[in-house]
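Chemist: Got a structure for you, model.csv, holding CSV, C-alpha atoms.
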chain,number,residue,atom,x,y,z
A,1,MET,CA,-75.9,-77.6,-165.0
A,2,GLY,CA,-75.7,-74.6,-162.8
A,3,ARG,CA,-75.9,-71.0,-164.1
A,4,ALA,CA,-72.6,-69.5,-165.1
A,5,LYS,CA,-71.2,-67.4,-162.2
A,6,THR,CA,-72.0,-63.7,-163.0
A,7,PHE,CA,-69.0,-62.5,-160.9
A,8,ASP,CA,-65.6,-63.5,-159.8
A,9,GLU,CA,-65.8,-64.3,-156.0
A,10,LYS,CA,-62.1,-63.6,-155.4
A,11,SER,CA,-62.1,-60.3,-157.1
A,12,ALA,CA,-65.4,-59.3,-155.3
A,13,LEU,CA,-63.7,-60.2,-152.0
A,14,GLN,CA,-60.6,-58.1,-152.8
A,15,LYS,CA,-62.9,-55.1,-153.4
A,16,ALA,CA,-64.7,-55.7,-150.1
A,17,MET,CA,-61.3,-56.1,-148.4
A,18,ARG,CA,-60.1,-52.7,-149.7
A,19,LEU,CA,-63.4,-51.0,-148.7
A,20,PHE,CA,-63.0,-52.3,-145.2
A,21,TRP,CA,-59.3,-51.3,-145.2
A,22,GLN,CA,-60.3,-47.8,-146.3
A,23,GLN,CA,-63.3,-47.2,-144.1
A,24,GLY,CA,-63.3,-49.7,-141.2
A,25,TYR,CA,-65.8,-52.3,-140.2
A,26,ALA,CA,-68.6,-50.5,-138.5
A,27,ASN,CA,-68.3,-47.6,-140.9
A,28,THR,CA,-69.0,-49.8,-144.0
A,29,SER,CA,-72.6,-50.6,-144.7
A,30,LEU,CA,-74.0,-53.6,-146.4
A,31,LYS,CA,-75.3,-51.3,-149.2
A,32,GLN,CA,-71.8,-50.0,-149.9
A,33,LEU,CA,-70.5,-53.5,-149.9
A,34,LEU,CA,-73.1,-54.7,-152.5
A,35,ALA,CA,-72.3,-51.6,-154.7
A,36,GLU,CA,-68.5,-52.1,-154.4
A,37,MET,CA,-68.7,-55.9,-155.0
A,38,ASN,CA,-71.3,-55.4,-157.7
A,39,MET,CA,-73.6,-58.0,-156.2
A,40,LEU,CA,-77.3,-58.3,-155.5
A,41,ASN,CA,-78.6,-59.1,-152.0
A,42,GLY,CA,-79.5,-62.7,-152.9
A,43,SER,CA,-76.2,-63.7,-154.4
A,44,PHE,CA,-74.3,-61.9,-151.6
A,45,TYR,CA,-76.3,-63.8,-149.0
A,46,HIS,CA,-75.7,-67.1,-150.9
A,47,CYS,CA,-72.0,-66.5,-151.2
A,48,PHE,CA,-71.0,-64.6,-148.0
A,49,LYS,CA,-74.0,-64.8,-145.7
A,50,ASP,CA,-73.5,-61.5,-143.9
A,51,LYS,CA,-71.2,-58.5,-143.3
A,52,LYS,CA,-69.4,-60.3,-140.5
A,53,THR,CA,-68.5,-63.3,-142.7
A,54,VAL,CA,-67.4,-61.2,-145.6
A,55,PHE,CA,-65.2,-59.2,-143.1
A,56,LEU,CA,-63.7,-62.3,-141.8
A,57,LYS,CA,-62.9,-63.4,-145.3
A,58,SER,CA,-61.5,-60.0,-146.0
A,59,LEU,CA,-59.1,-60.4,-143.1
A,60,GLU,CA,-58.0,-63.7,-144.5
A,61,CYS,CA,-57.7,-62.2,-148.0
A,62,TYR,CA,-55.5,-59.4,-146.6
A,63,ASN,CA,-53.3,-61.9,-144.8
A,64,GLU,CA,-52.9,-64.0,-148.0
A,65,GLU,CA,-52.2,-61.0,-150.2
A,66,ILE,CA,-50.3,-58.5,-148.0
A,67,THR,CA,-49.1,-60.0,-144.8
A,68,TYR,CA,-47.8,-63.1,-146.6
A,69,GLN,CA,-45.5,-61.1,-148.7
A,70,ARG,CA,-44.1,-59.4,-145.6
A,71,GLN,CA,-43.6,-62.7,-143.8
A,72,GLN,CA,-41.9,-64.2,-146.9
A,73,ALA,CA,-39.5,-61.2,-147.0
A,74,LEU,CA,-38.5,-61.9,-143.4
A,75,ALA,CA,-38.3,-65.7,-143.8
A,76,SER,CA,-36.1,-65.5,-146.8
A,77,HIS,CA,-33.1,-64.5,-144.6
A,78,ASP,CA,-31.4,-66.6,-142.0
A,79,ASN,CA,-30.0,-63.4,-140.5
A,80,PHE,CA,-32.9,-61.7,-138.6
A,81,SER,CA,-31.2,-58.3,-139.0
A,82,GLU,CA,-31.5,-58.7,-142.8
A,83,GLY,CA,-34.9,-60.3,-142.6
A,84,ILE,CA,-36.5,-57.6,-140.5
A,85,ARG,CA,-35.2,-54.9,-142.9
A,86,ALA,CA,-36.7,-56.9,-145.8
A,87,LEU,CA,-40.0,-56.9,-143.9
A,88,PHE,CA,-39.9,-53.2,-143.3
A,89,ASP,CA,-39.1,-52.6,-147.0
A,90,GLU,CA,-42.3,-54.4,-147.9
A,91,VAL,CA,-44.2,-52.2,-145.4
A,92,PHE,CA,-42.7,-49.1,-146.9
A,93,ILE,CA,-43.7,-50.2,-150.4
A,94,THR,CA,-47.3,-50.4,-149.2
A,95,LEU,CA,-47.0,-47.0,-147.5
A,96,SER,CA,-45.6,-45.4,-150.6
A,97,ASP,CA,-48.2,-46.9,-152.9
A,98,LYS,CA,-50.8,-44.1,-153.2
A,99,SER,CA,-53.2,-46.5,-154.9
A,100,GLU,CA,-53.6,-48.5,-151.7
A,101,PRO,CA,-55.4,-47.3,-148.6
A,102,ASN,CA,-53.2,-46.1,-145.7
A,103,GLY,CA,-52.4,-48.1,-142.6
A,104,CYS,CA,-53.0,-51.8,-142.3
A,105,LEU,CA,-56.4,-53.6,-142.3
A,106,ILE,CA,-55.3,-55.8,-139.3
A,107,VAL,CA,-54.0,-52.9,-137.2
A,108,ASN,CA,-57.1,-50.7,-138.1
A,109,SER,CA,-59.3,-53.6,-137.1
A,110,MET,CA,-57.8,-53.8,-133.6
A,111,ALA,CA,-60.7,-51.5,-132.5
A,112,THR,CA,-63.8,-51.7,-130.5
A,113,ASP,CA,-66.3,-52.2,-133.3
A,114,VAL,CA,-64.5,-55.3,-134.6
A,115,LEU,CA,-63.6,-56.7,-131.1
A,116,ALA,CA,-67.2,-56.4,-130.1
A,117,GLU,CA,-68.0,-59.4,-132.3
A,118,ASP,CA,-66.8,-62.6,-130.7
A,119,GLU,CA,-65.8,-64.5,-133.8
A,120,LEU,CA,-63.9,-61.5,-135.2
A,121,LYS,CA,-62.2,-61.0,-131.8
A,122,GLN,CA,-61.0,-64.6,-131.8
A,123,TYR,CA,-59.6,-64.2,-135.3
A,124,MET,CA,-57.8,-60.9,-134.4
A,125,TYR,CA,-56.3,-62.3,-131.2
A,126,LYS,CA,-55.1,-65.5,-132.9
A,127,ASP,CA,-53.7,-63.5,-135.8
A,128,PHE,CA,-51.8,-61.2,-133.5
A,129,GLU,CA,-50.4,-64.1,-131.5
A,130,ASP,CA,-49.4,-65.9,-134.7
A,131,PHE,CA,-47.5,-62.8,-135.9
A,132,ILE,CA,-45.6,-62.5,-132.6
A,133,ALA,CA,-44.8,-66.2,-132.6
A,134,PHE,CA,-43.6,-65.9,-136.2
A,135,ILE,CA,-41.2,-63.0,-135.5
A,136,THR,CA,-40.0,-64.7,-132.3
A,137,GLN,CA,-39.3,-67.9,-134.2
A,138,ARG,CA,-37.3,-66.0,-136.8
A,139,ILE,CA,-35.2,-64.3,-134.1
A,140,GLU,CA,-34.6,-67.7,-132.5
A,141,HIS,CA,-33.6,-69.2,-135.8
A,142,SER,CA,-31.1,-66.3,-136.3
A,143,ILE,CA,-29.7,-66.9,-132.8
A,144,ASN,CA,-29.2,-70.6,-133.5
A,145,LYS,CA,-27.4,-69.8,-136.7
A,146,ASN,CA,-25.2,-67.4,-134.8
A,147,PHE,CA,-26.3,-64.3,-136.8
A,148,THR,CA,-28.0,-62.7,-133.8
A,149,ARG,CA,-26.4,-62.1,-130.5
A,150,ASN,CA,-28.9,-60.0,-128.6
A,151,ALA,CA,-29.2,-59.6,-124.8
A,152,ILE,CA,-33.0,-59.1,-125.2
A,153,PRO,CA,-35.0,-62.3,-125.0
A,154,ALA,CA,-36.5,-63.2,-128.5
A,155,LYS,CA,-40.1,-62.8,-127.5
A,156,GLN,CA,-39.5,-59.4,-125.8
A,157,LEU,CA,-37.7,-58.2,-128.9
A,158,ALA,CA,-40.5,-59.5,-131.1
A,159,LEU,CA,-43.1,-57.6,-129.0
A,160,ILE,CA,-41.1,-54.3,-129.2
A,161,LEU,CA,-40.9,-54.7,-133.0
A,162,VAL,CA,-44.6,-55.6,-133.4
A,163,THR,CA,-45.7,-52.7,-131.2
A,164,TYR,CA,-43.5,-50.3,-133.3
A,165,ILE,CA,-44.9,-51.7,-136.5
A,166,GLN,CA,-48.4,-51.1,-135.3
A,167,GLY,CA,-47.4,-47.5,-134.4
A,168,LEU,CA,-45.8,-47.1,-137.9
A,169,PHE,CA,-49.1,-47.9,-139.5
A,170,ARG,CA,-50.9,-45.3,-137.4
A,171,ILE,CA,-48.5,-42.5,-138.1
A,172,SER,CA,-48.6,-43.4,-141.8
A,173,TYR,CA,-51.9,-41.4,-141.6
A,174,THR,CA,-50.0,-38.2,-140.7
A,175,ASN,CA,-48.0,-36.1,-143.2
A,176,LEU,CA,-44.6,-37.6,-142.3
A,177,GLU,CA,-42.6,-38.6,-145.3
A,178,VAL,CA,-41.9,-42.3,-145.9
A,179,ALA,CA,-38.2,-41.3,-146.0
A,180,GLN,CA,-38.5,-40.1,-142.4
A,181,LEU,CA,-40.2,-43.3,-141.4
A,182,LYS,CA,-37.4,-45.3,-143.0
A,183,CYS,CA,-34.7,-43.3,-141.3
A,184,GLN,CA,-36.2,-43.6,-137.8
A,185,THR,CA,-36.8,-47.3,-138.3
A,186,GLU,CA,-33.1,-47.8,-139.2
A,187,THR,CA,-32.1,-45.9,-136.0
A,188,LEU,CA,-34.5,-48.1,-133.9
A,189,LEU,CA,-33.1,-51.4,-135.4
A,190,THR,CA,-29.5,-50.2,-134.8
A,191,SER,CA,-30.4,-49.3,-131.1
A,192,LEU,CA,-31.9,-52.8,-130.7
A,193,LYS,CA,-28.5,-54.2,-132.0
A,194,LEU,CA,-30.1,-55.6,-135.1
B,1,MET,CA,-82.4,-13.0,-117.2
B,2,GLY,CA,-81.7,-16.1,-119.2
B,3,ARG,CA,-83.2,-19.5,-118.4
B,4,ALA,CA,-81.1,-21.6,-116.0
B,5,LYS,CA,-79.0,-24.0,-117.9
B,6,THR,CA,-80.7,-27.4,-117.8
B,7,PHE,CA,-77.4,-29.2,-118.1
B,8,ASP,CA,-73.7,-28.9,-117.4
B,9,GLU,CA,-71.9,-28.3,-120.7
B,10,LYS,CA,-68.5,-29.6,-119.5
B,11,SER,CA,-70.0,-32.8,-118.2
B,12,ALA,CA,-72.0,-33.3,-121.3
B,13,LEU,CA,-68.8,-32.9,-123.4
B,14,GLN,CA,-66.9,-35.4,-121.2
B,15,LYS,CA,-69.7,-37.9,-122.0
B,16,ALA,CA,-69.5,-37.2,-125.7
B,17,MET,CA,-65.7,-37.5,-125.5
B,18,ARG,CA,-65.8,-41.0,-123.9
B,19,LEU,CA,-68.4,-42.1,-126.4
B,20,PHE,CA,-66.2,-41.1,-129.3
B,21,TRP,CA,-63.2,-42.7,-127.6
B,22,GLN,CA,-65.2,-45.9,-127.2
B,23,GLN,CA,-66.8,-46.0,-130.6
B,24,GLY,CA,-64.9,-43.8,-133.0
B,25,TYR,CA,-66.1,-40.8,-135.0
B,26,ALA,CA,-68.0,-42.2,-138.0
B,27,ASN,CA,-69.4,-45.0,-135.8
B,28,THR,CA,-71.1,-42.6,-133.4
B,29,SER,CA,-74.5,-41.2,-134.5
B,30,LEU,CA,-76.0,-37.9,-133.6
B,31,LYS,CA,-78.8,-39.9,-132.0
B,32,GLN,CA,-76.4,-41.7,-129.7
B,33,LEU,CA,-74.7,-38.4,-128.8
B,34,LEU,CA,-78.0,-36.8,-127.8
B,35,ALA,CA,-78.9,-39.8,-125.7
B,36,GLU,CA,-75.5,-39.9,-124.0
B,37,MET,CA,-75.3,-36.2,-123.4
B,38,ASN,CA,-78.9,-36.1,-122.3
B,39,MET,CA,-79.7,-33.2,-124.7
B,40,LEU,CA,-82.5,-32.4,-127.1
B,41,ASN,CA,-81.8,-31.5,-130.8
B,42,GLY,CA,-82.4,-27.8,-130.3
B,43,SER,CA,-80.1,-27.3,-127.3
B,44,PHE,CA,-77.4,-29.5,-128.9
B,45,TYR,CA,-77.5,-27.4,-132.0
B,46,HIS,CA,-77.4,-24.2,-130.0
B,47,CYS,CA,-74.5,-25.4,-127.9
B,48,PHE,CA,-72.4,-27.5,-130.2
B,49,LYS,CA,-73.8,-26.9,-133.7
B,50,ASP,CA,-73.0,-30.3,-135.2
B,51,LYS,CA,-71.3,-33.7,-134.7
B,52,LYS,CA,-68.0,-32.4,-136.2
B,53,THR,CA,-67.9,-29.5,-133.8
B,54,VAL,CA,-68.6,-31.6,-130.7
B,55,PHE,CA,-65.9,-34.0,-131.9
B,56,LEU,CA,-63.4,-31.2,-132.2
B,57,LYS,CA,-64.3,-30.1,-128.7
B,58,SER,CA,-64.0,-33.7,-127.5
B,59,LEU,CA,-60.4,-33.9,-128.9
B,60,GLU,CA,-59.7,-30.7,-126.9
B,61,CYS,CA,-61.3,-32.1,-123.8
B,62,TYR,CA,-59.3,-35.3,-124.1
B,63,ASN,CA,-56.1,-33.3,-124.4
B,64,GLU,CA,-57.0,-31.1,-121.4
B,65,GLU,CA,-58.0,-34.1,-119.3
B,66,ILE,CA,-55.7,-37.0,-120.4
B,67,THR,CA,-52.8,-35.8,-122.5
B,68,TYR,CA,-52.1,-32.9,-120.2
B,69,GLN,CA,-51.4,-35.2,-117.3
B,70,ARG,CA,-49.0,-37.2,-119.4
B,71,GLN,CA,-47.2,-34.2,-120.6
B,72,GLN,CA,-47.0,-32.8,-117.0
B,73,ALA,CA,-45.5,-36.1,-115.8
B,74,LEU,CA,-42.8,-35.8,-118.5
B,75,ALA,CA,-42.2,-32.1,-117.9
B,76,SER,CA,-41.8,-32.5,-114.1
B,77,HIS,CA,-38.3,-34.1,-114.6
B,78,ASP,CA,-35.3,-32.4,-116.0
B,79,ASN,CA,-33.8,-35.8,-116.7
B,80,PHE,CA,-35.6,-37.1,-119.8
B,81,SER,CA,-35.0,-40.7,-118.8
B,82,GLU,CA,-37.0,-40.1,-115.7
B,83,GLY,CA,-39.6,-38.0,-117.5
B,84,ILE,CA,-40.4,-40.4,-120.2
B,85,ARG,CA,-40.8,-43.2,-117.6
B,86,ALA,CA,-43.2,-40.9,-115.7
B,87,LEU,CA,-45.2,-40.4,-119.0
B,88,PHE,CA,-45.3,-44.1,-119.6
B,89,ASP,CA,-46.5,-44.6,-116.0
B,90,GLU,CA,-49.5,-42.3,-116.8
B,91,VAL,CA,-50.2,-44.3,-120.0
B,92,PHE,CA,-50.2,-47.6,-118.0
B,93,ILE,CA,-52.5,-46.1,-115.4
B,94,THR,CA,-55.1,-45.4,-118.2
B,95,LEU,CA,-54.5,-48.8,-119.8
B,96,SER,CA,-55.1,-50.5,-116.4
B,97,ASP,CA,-58.2,-48.5,-115.6
B,98,LYS,CA,-61.0,-50.8,-116.8
B,99,SER,CA,-63.6,-48.0,-116.3
B,100,GLU,CA,-61.9,-46.1,-119.2
B,101,PRO,CA,-62.1,-47.1,-122.9
B,102,ASN,CA,-59.0,-48.8,-124.3
B,103,GLY,CA,-56.5,-47.1,-126.6
B,104,CYS,CA,-56.3,-43.3,-127.0
B,105,LEU,CA,-58.9,-41.0,-128.6
B,106,ILE,CA,-56.2,-39.2,-130.5
B,107,VAL,CA,-54.5,-42.3,-131.8
B,108,ASN,CA,-57.9,-43.9,-132.6
B,109,SER,CA,-58.8,-40.7,-134.5
B,110,MET,CA,-55.8,-40.9,-136.8
B,111,ALA,CA,-58.1,-42.8,-139.2
B,112,THR,CA,-59.8,-42.2,-142.6
B,113,ASP,CA,-63.2,-41.2,-141.2
B,114,VAL,CA,-61.7,-38.3,-139.1
B,115,LEU,CA,-59.1,-37.2,-141.6
B,116,ALA,CA,-61.7,-36.9,-144.4
B,117,GLU,CA,-63.0,-33.8,-142.6
B,118,ASP,CA,-60.6,-30.9,-143.4
B,119,GLU,CA,-61.0,-29.1,-140.1
B,120,LEU,CA,-60.5,-32.3,-138.1
B,121,LYS,CA,-57.5,-33.3,-140.2
B,122,GLN,CA,-55.8,-29.9,-139.5
B,123,TYR,CA,-56.4,-30.3,-135.7
B,124,MET,CA,-55.0,-33.9,-135.8
B,125,TYR,CA,-51.9,-32.9,-137.8
B,126,LYS,CA,-51.2,-30.0,-135.6
B,127,ASP,CA,-51.8,-32.0,-132.4
B,128,PHE,CA,-49.4,-34.7,-133.6
B,129,GLU,CA,-46.7,-32.1,-134.6
B,130,ASP,CA,-47.1,-30.4,-131.2
B,131,PHE,CA,-46.7,-33.7,-129.4
B,132,ILE,CA,-43.5,-34.5,-131.3
B,133,ALA,CA,-42.2,-30.9,-130.7
B,134,PHE,CA,-42.9,-31.2,-127.0
B,135,ILE,CA,-41.0,-34.5,-126.7
B,136,THR,CA,-38.1,-33.2,-128.8
B,137,GLN,CA,-37.9,-30.1,-126.6
B,138,ARG,CA,-37.8,-32.2,-123.4
B,139,ILE,CA,-35.0,-34.3,-124.8
B,140,GLU,CA,-33.0,-31.2,-125.8
B,141,HIS,CA,-33.6,-29.7,-122.3
B,142,SER,CA,-32.2,-32.9,-120.8
B,143,ILE,CA,-29.2,-32.8,-123.1
B,144,ASN,CA,-28.5,-29.2,-122.1
B,145,LYS,CA,-28.7,-30.1,-118.5
B,146,ASN,CA,-26.2,-32.9,-119.2
B,147,PHE,CA,-28.6,-35.7,-118.1
B,148,THR,CA,-29.0,-37.2,-121.6
B,149,ARG,CA,-26.0,-38.1,-123.8
B,150,ASN,CA,-27.5,-39.9,-126.7
B,151,ALA,CA,-26.1,-40.4,-130.2
B,152,ILE,CA,-29.6,-40.3,-131.7
B,153,PRO,CA,-30.7,-36.8,-132.7
B,154,ALA,CA,-33.5,-35.5,-130.4
B,155,LYS,CA,-36.2,-35.3,-133.0
B,156,GLN,CA,-35.4,-38.8,-134.3
B,157,LEU,CA,-35.6,-40.2,-130.8
B,158,ALA,CA,-38.9,-38.3,-130.2
B,159,LEU,CA,-40.3,-39.8,-133.4
B,160,ILE,CA,-39.3,-43.4,-132.4
B,161,LEU,CA,-40.9,-42.9,-129.0
B,162,VAL,CA,-44.1,-41.4,-130.4
B,163,THR,CA,-44.4,-44.2,-133.0
B,164,TYR,CA,-44.0,-46.8,-130.2
B,165,ILE,CA,-46.6,-45.0,-128.0
B,166,GLN,CA,-49.1,-45.1,-130.8
B,167,GLY,CA,-48.4,-48.9,-131.3
B,168,LEU,CA,-48.8,-49.4,-127.5
B,169,PHE,CA,-52.3,-47.9,-127.6
B,170,ARG,CA,-53.1,-50.3,-130.5
B,171,ILE,CA,-51.9,-53.4,-128.8
B,172,SER,CA,-53.7,-52.4,-125.6
B,173,TYR,CA,-56.7,-53.8,-127.5
B,174,THR,CA,-55.2,-57.3,-127.5
B,175,ASN,CA,-55.1,-59.6,-124.5
B,176,LEU,CA,-51.5,-58.7,-123.5
B,177,GLU,CA,-51.1,-57.9,-119.8
B,178,VAL,CA,-50.1,-54.4,-118.8
B,179,ALA,CA,-47.2,-56.0,-116.9
B,180,GLN,CA,-45.9,-57.3,-120.2
B,181,LEU,CA,-46.3,-53.9,-121.8
B,182,LYS,CA,-44.3,-52.3,-119.0
B,183,CYS,CA,-41.5,-54.8,-119.3
B,184,GLN,CA,-41.1,-54.5,-123.0
B,185,THR,CA,-41.2,-50.7,-122.7
B,186,GLU,CA,-38.4,-50.7,-120.1
B,187,THR,CA,-36.3,-52.9,-122.5
B,188,LEU,CA,-36.9,-50.4,-125.3
B,189,LEU,CA,-35.9,-47.4,-123.2
B,190,THR,CA,-32.8,-49.1,-122.1
B,191,SER,CA,-31.9,-50.0,-125.7
B,192,LEU,CA,-32.4,-46.4,-126.6
B,193,LYS,CA,-29.9,-45.5,-123.8
B,194,LEU,CA,-32.6,-43.8,-121.8
Let me see whether you can do it: turn the structure in this file into structure tokens.
Modeler:
Amino acid sequence: MGRAKTFDEKSALQKAMRLFWQQGYANTSLKQLLAEMNMLNGSFYHCFKDKKTVFLKSLECYNEEITYQRQQALASHDNFSEGIRALFDEVFITLSDKSEPNGCLIVNSMATDVLAEDELKQYMYKDFEDFIAFITQRIEHSINKNFTRNAIPAKQLALILVTYIQGLFRISYTNLEVAQLKCQTETLLTSLKL
Amino acid sequence: MGRAKTFDEKSALQKAMRLFWQQGYANTSLKQLLAEMNMLNGSFYHCFKDKKTVFLKSLECYNEEITYQRQQALASHDNFSEGIRALFDEVFITLSDKSEPNGCLIVNSMATDVLAEDELKQYMYKDFEDFIAFITQRIEHSINKNFTRNAIPAKQLALILVTYIQGLFRISYTNLEVAQLKCQTETLLTSLKL
């Protein structure tokens, strides 16, 4: 019979994820991780091996917890114009929630320190491609259902939106109000005939 | 008569600026700065005081060297549609230049580590506001000269563009080709009736 686990792996990972989200990868030390996750060196090594591995798991955890909700919001509408607004609503909920860090862990991680590690870079690139493919697919679905009649090719439209979303997470660090971000986003969507 | 300066302050600062641009603020140590700037502790302290001060000067240096060129490109056209394309051309030149770091020092610095320092935060916020004010002004100028007839209010249009530019610098870290970024940017500008 093994010893009872002295900690909850999932909840420890969520703490690590939020620490990385707050501080970034290079900027977070193993010591800080151990303190935040309430773990000793030995059990951390046993469970997560190293900082890189716990970061990779944190990215997965962020996608399961945060990105999934956004994608579900989009996918729950056949009409892409409605779906993309539902996705933005989810983004604005996170940006308004003062108990969560600003920005987006994935967007923040598209930076030199993370991309210097080959395994992390591969995850980031694949994650980015998957997100673009997902948005493109939802646009094509909406075109097929006759909801969307847009002169812009689906992938091009997806890339413009994804670029804008990345920018939105960056400027969420400024003192612009969420109401302003909502307003300009609506203007953009209308201009894109969505 | 004072001793001859053993180093060129401006060139040392440019090296510091590129190191911060490459690595980020928190992620750059004083030791790395001294090595990169080829300075000893004493002369560094004498000239730049501390890491925060040299970072602040690096932001100024980036704006003088890089941002200024972009703003000049925009300001050299009365027609905003031409000016904003000239600005994007400057951005794409930096993104294509493999000898320069990716992204943008200012965009990269809109992050928790920098904003945690009050003096840096004030600089970043003011810099961001100035950039939006500058773009807004150029749109208004173009409206007054009858080049731009846009239903979107000038400041709203400026904010959409600035958000998109920030996103563009983020996705410059992915493996998307600059040709793709140019193409989607042209589509965005056309959609915004620019």
Chemist: Between CA of Ile152 in chain B and CA of Thr187 in chain A, what distance in Å does the model show, to one decimal?
Modeler: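 Atom-to-atom, CA of Ile152 in chain B and CA of Thr187 in chain A are spaced 7.5 Å apart.
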Chemist: Find the residues near Leu176 in chain B: any atom within 12 Å, counting only C-alpha atoms, skip ones fewer than 4 places away on the same chain, and give them as an mmCIF file with C-alpha atoms, keeping the file's coordinate frame.
Modeler:
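As written to disk, part-v2.cif reads:
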data_model
loop_
_atom_site.group_PDB
_atom_site.id
_atom_site.type_symbol
_atom_site.label_atom_id
_atom_site.label_comp_id
_atom_site.auth_asym_id
_atom_site.auth_seq_id
_atom_site.Cartn_x
_atom_site.Cartn_y
_atom_site.Cartn_z
ATOM 1 C CA TYR A 125 -56.300 -62.300 -131.200
ATOM 2 C CA PHE A 128 -51.800 -61.200 -133.500
ATOM 3 C CA GLU A 129 -50.400 -64.100 -131.500
ATOM 4 C CA ILE A 132 -45.600 -62.500 -132.600
ATOM 5 C CA LEU A 159 -43.100 -57.600 -129.000
ATOM 6 C CA THR A 163 -45.700 -52.700 -131.200
ATOM 7 C CA LEU B 95 -54.500 -48.800 -119.800
ATOM 8 C CA SER B 96 -55.100 -50.500 -116.400
ATOM 9 C CA LEU B 168 -48.800 -49.400 -127.500
ATOM 10 C CA PHE B 169 -52.300 -47.900 -127.600
ATOM 11 C CA ARG B 170 -53.100 -50.300 -130.500
ATOM 12 C CA ILE B 171 -51.900 -53.400 -128.800
ATOM 13 C CA SER B 172 -53.700 -52.400 -125.600
ATOM 14 C CA GLN B 180 -45.900 -57.300 -120.200
ATOM 15 C CA LEU B 181 -46.300 -53.900 -121.800
ATOM 16 C CA LYS B 182 -44.300 -52.300 -119.000
ATOM 17 C CA CYS B 183 -41.500 -54.800 -119.300
ATOM 18 C CA GLN B 184 -41.100 -54.500 -123.000
#
Chemist: Select, as a PDB file with C-alpha atoms, keeping the file's coordinate frame, those residues of chain B with any atom no more than 7 Å from chain A (distances computed using all atoms listed in the file).
Modeler:
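Saved file result-v8.pdb follows:
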ATOM      1  CA  GLN B  22     -65.200 -45.900-127.200  1.00  0.00           C
ATOM      2  CA  GLN B  23     -66.800 -46.000-130.600  1.00  0.00           C
ATOM      3  CA  ALA B  26     -68.000 -42.200-138.000  1.00  0.00           C
ATOM      4  CA  ASN B  27     -69.400 -45.000-135.800  1.00  0.00           C
ATOM      5  CA  MET B 110     -55.800 -40.900-136.800  1.00  0.00           C
ATOM      6  CA  ALA B 111     -58.100 -42.800-139.200  1.00  0.00           C
ATOM      7  CA  THR B 112     -59.800 -42.200-142.600  1.00  0.00           C
ATOM      8  CA  ASP B 113     -63.200 -41.200-141.200  1.00  0.00           C
ATOM      9  CA  TYR B 125     -51.900 -32.900-137.800  1.00  0.00           C
ATOM     10  CA  GLN B 156     -35.400 -38.800-134.300  1.00  0.00           C
ATOM     11  CA  ILE B 160     -39.300 -43.400-132.400  1.00  0.00           C
ATOM     12  CA  THR B 163     -44.400 -44.200-133.000  1.00  0.00           C
ATOM     13  CA  TYR B 164     -44.000 -46.800-130.200  1.00  0.00           C
ATOM     14  CA  ILE B 165     -46.600 -45.000-128.000  1.00  0.00           C
ATOM     15  CA  GLN B 166     -49.100 -45.100-130.800  1.00  0.00           C
ATOM     16  CA  GLY B 167     -48.400 -48.900-131.300  1.00  0.00           C
ATOM     17  CA  LEU B 168     -48.800 -49.400-127.500  1.00  0.00           C
ATOM     18  CA  ARG B 170     -53.100 -50.300-130.500  1.00  0.00           C
ATOM     19  CA  ILE B 171     -51.900 -53.400-128.800  1.00  0.00           C
ATOM     20  CA  TYR B 173     -56.700 -53.800-127.500  1.00  0.00           C
ATOM     21  CA  THR B 174     -55.200 -57.300-127.500  1.00  0.00           C
ATOM     22  CA  GLN B 184     -41.100 -54.500-123.000  1.00  0.00           C
ATOM     23  CA  LEU B 188     -36.900 -50.400-125.300  1.00  0.00           C
ATOM     24  CA  SER B 191     -31.900 -50.000-125.700  1.00  0.00           C
ATOM     25  CA  LEU B 192     -32.400 -46.400-126.600  1.00  0.00           C
TER      26      LEU B 192
END
Chemist: Using only C-alpha atoms, which residues sit within 7 Å of range 30-45 of chain B once same-chain residues fewer than 6 positions away are excluded, as a PyMOL selection string?
Modeler: chain B and resi 12+15-16+51
Chemist: Between B:Thr94, B:Ser99, B:Ser81, B:Asn63, which has the minimum distance to Phe131 in chain B (counting all atoms listed in the file)?
Modeler: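 Closest to Phe131 in chain B, using all atoms listed in the file: B:Asn63.
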Chemist: Check the smallest atom-to-atom distance from each of B:Phe20, B:Lys10, B:Gln137, B:Cys104 to Cys47 in chain B using only C-alpha atoms, then report the winner.
Modeler: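 Of B:Phe20, B:Lys10, B:Gln137, B:Cys104, the one nearest Cys47 in chain B is B:Lys10, counting only C-alpha atoms.
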Chemist: Would you mind telling me which residue in B:Phe80, B:Ser29, B:Leu120, B:Asp89 lies nearest to Ser58 in chain B when using only C-alpha atoms?
Modeler: B:Leu120
Chemist: Between CA of Asp118 in chain A and CA of Leu19 in chain A, what is the distance, to one decimal in Å?
Modeler: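 Rounded to one decimal, the two atoms are 21.7 Å apart.
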Chemist: Please measure the separation of CA of Ile135 in chain A and CA of Glu60 in chain A, giving the value in Å to one decimal.
Modeler: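 Going from CA of Ile135 in chain A over to CA of Glu60 in chain A, I get 19.1 Å.
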Chemist: What residues have an atom no more than 8 Å from (-40.2, -66.9, -141.3) in the file's own frame, counting only C-alpha atoms, and can you write them as a count of residues only?
Modeler: 9
